[in-house]
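**Student:** Pasting coords.csv here (CSV, C-alpha atoms):
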chain,number,residue,atom,x,y,z
A,297,MET,CA,-68.7,-5.8,47.5
A,298,SER,CA,-70.1,-3.1,49.9
A,299,LYS,CA,-69.6,0.6,49.1
A,300,ALA,CA,-67.5,1.1,52.3
A,301,LEU,CA,-65.2,-1.7,51.3
A,302,SER,CA,-64.6,-0.4,47.8
A,303,LYS,CA,-64.0,3.1,49.2
A,304,ALA,CA,-61.4,1.7,51.7
A,305,LYS,CA,-59.6,-0.1,48.8
A,306,GLY,CA,-59.5,3.1,46.8
A,307,PHE,CA,-57.9,4.9,49.8
A,308,LYS,CA,-54.6,3.2,49.3
A,309,LYS,CA,-54.2,4.8,45.8
A,310,SER,CA,-55.4,8.3,47.0
A,311,LYS,CA,-53.2,11.2,47.9
A,312,SER,CA,-54.2,11.0,51.6
A,313,GLY,CA,-53.5,7.3,51.6
A,314,THR,CA,-50.1,7.8,50.1
A,315,TYR,CA,-49.3,10.5,52.6
A,316,LEU,CA,-50.4,8.1,55.4
A,317,SER,CA,-48.1,5.4,54.0
A,318,MET,CA,-45.2,7.8,53.9
A,319,ALA,CA,-45.8,8.8,57.5
A,320,THR,CA,-45.9,5.2,58.7
A,321,THR,CA,-42.8,4.3,56.6
A,322,ALA,CA,-40.9,7.3,58.0
A,323,PHE,CA,-42.1,6.3,61.5
A,324,GLY,CA,-40.0,3.1,61.1
A,325,ALA,CA,-36.9,5.3,61.0
A,326,ILE,CA,-37.3,5.8,64.7
A,327,SER,CA,-36.9,2.1,65.3
A,328,VAL,CA,-33.9,1.9,63.0
A,329,ALA,CA,-32.3,4.9,64.9
A,330,LYS,CA,-32.7,3.1,68.2
A,331,GLN,CA,-31.3,-0.1,66.6
A,332,VAL,CA,-28.2,1.8,65.4
A,333,LYS,CA,-27.7,3.4,68.8
A,334,LYS,CA,-27.9,0.0,70.6
A,335,ALA,CA,-25.6,-1.7,68.1
A,336,ARG,CA,-23.0,1.0,68.5
A,337,LEU,CA,-23.1,0.8,72.3
A,338,GLU,CA,-22.7,-3.0,72.2
A,339,HIS,CA,-20.2,-2.9,69.2
A,340,ASP,CA,-22.5,-5.4,67.4
A,341,THR,CA,-21.5,-5.3,63.7
A,342,LEU,CA,-24.3,-7.7,62.7
A,343,ARG,CA,-27.0,-5.5,64.2
A,344,LEU,CA,-25.4,-2.5,62.6
A,345,ILE,CA,-25.6,-4.1,59.2
A,346,ASP,CA,-29.2,-5.1,59.8
A,347,ALA,CA,-30.0,-1.5,60.7
A,348,ALA,CA,-28.3,-0.3,57.5
A,349,VAL,CA,-30.4,-2.6,55.4
A,350,SER,CA,-33.5,-1.6,57.2
A,351,ALA,CA,-32.7,2.1,56.6
A,352,ALA,CA,-32.1,1.4,52.9
A,353,ALA,CA,-35.5,-0.3,52.8
A,354,ILE,CA,-37.1,2.8,54.4
A,355,VAL,CA,-35.4,5.2,51.9
A,356,THR,CA,-36.5,3.0,49.0
A,357,GLY,CA,-40.0,2.8,50.2
A,358,LEU,CA,-40.2,6.6,50.7
A,359,ALA,CA,-38.8,7.1,47.2
A,360,ILE,CA,-41.5,4.8,45.7
A,361,LEU,CA,-44.2,6.6,47.6
A,362,VAL,CA,-43.0,10.0,46.4
A,363,ARG,CA,-43.0,8.7,42.8
A,364,GLU,CA,-46.6,7.5,43.4
A,365,LEU,CA,-47.6,11.0,44.6
A,366,LYS,CA,-46.1,12.5,41.5
A,367,ARG,CA,-48.1,10.1,39.3
A,368,LEU,CA,-51.3,11.0,41.2
A,369,GLY,CA,-50.8,14.6,39.9
A,370,ASP,CA,-50.0,16.2,43.2
A,371,ASP,CA,-49.6,19.9,42.6
A,372,ASP,CA,-47.5,20.6,45.7
A,373,VAL,CA,-44.7,23.1,45.0
A,374,LEU,CA,-42.2,21.2,47.2
A,375,LEU,CA,-42.5,17.9,45.2
A,376,GLY,CA,-41.9,19.6,41.8
Transcribe the structure of this file into structure tokens.
**Tutor:**
Amino acid sequence: MSKALSKAKGFKKSKSGTYLSMATTAFGAISVAKQVKKARLEHDTLRLIDAAVSAAAIVTGLAILVRELKRLGDDDVLLG
């Protein structure tokens, strides 16, 4: 395995990799907000339920990533 490849695999478990994962996960919230808005305008209950499930997945994903940051020993005051 090349040095660059092993470095890239380690990035996922690094603080900066975790922050990047959090940002991309939170970016999905924009799509969910658009989906909710469209579902409300069209009075589409099924799309609204889908948006709620997607929002729950985003919240769960962010909670897991925050927990991972704490395990990495992040000394940020805001995270506790």
**Student:** So how many Å separate CA of Ala353 in chain A and CA of Ala329 in chain A, to one decimal?
**Tutor:**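 Result for CA of Ala353 in chain A versus CA of Ala329 in chain A: 13.6 Å, one decimal.
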**Student:** Taking all atoms listed in the file into account, name the residue in A:Thr320, A:Ile360, A:Thr314, A:Ala348 that is nearest to Lys333 in chain A.
**Tutor:** A:Ala348
**Student:** So how far away is CA of Ala322 in chain A from CA of Ala347 in chain A, in Å?
**Tutor:**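 Separation between CA of Ala347 in chain A and CA of Ala322 in chain A: 14.3 Å.
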**Student:** Show me the residues close to (-33.3, -1.3, 58.4) - anything with an atom within 6 Å, counting all atoms listed in the file - and format the list as a PyMOL selection string.
**Tutor:** chain A and resi 328+346-351
**Student:** Figure out the distance between CA of Leu365 in chain A and CA of Gly313 in chain A, please, to one decimal in Å.
**Tutor:**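 Going from CA of Gly313 in chain A over to CA of Leu365 in chain A, I get 9.9 Å.
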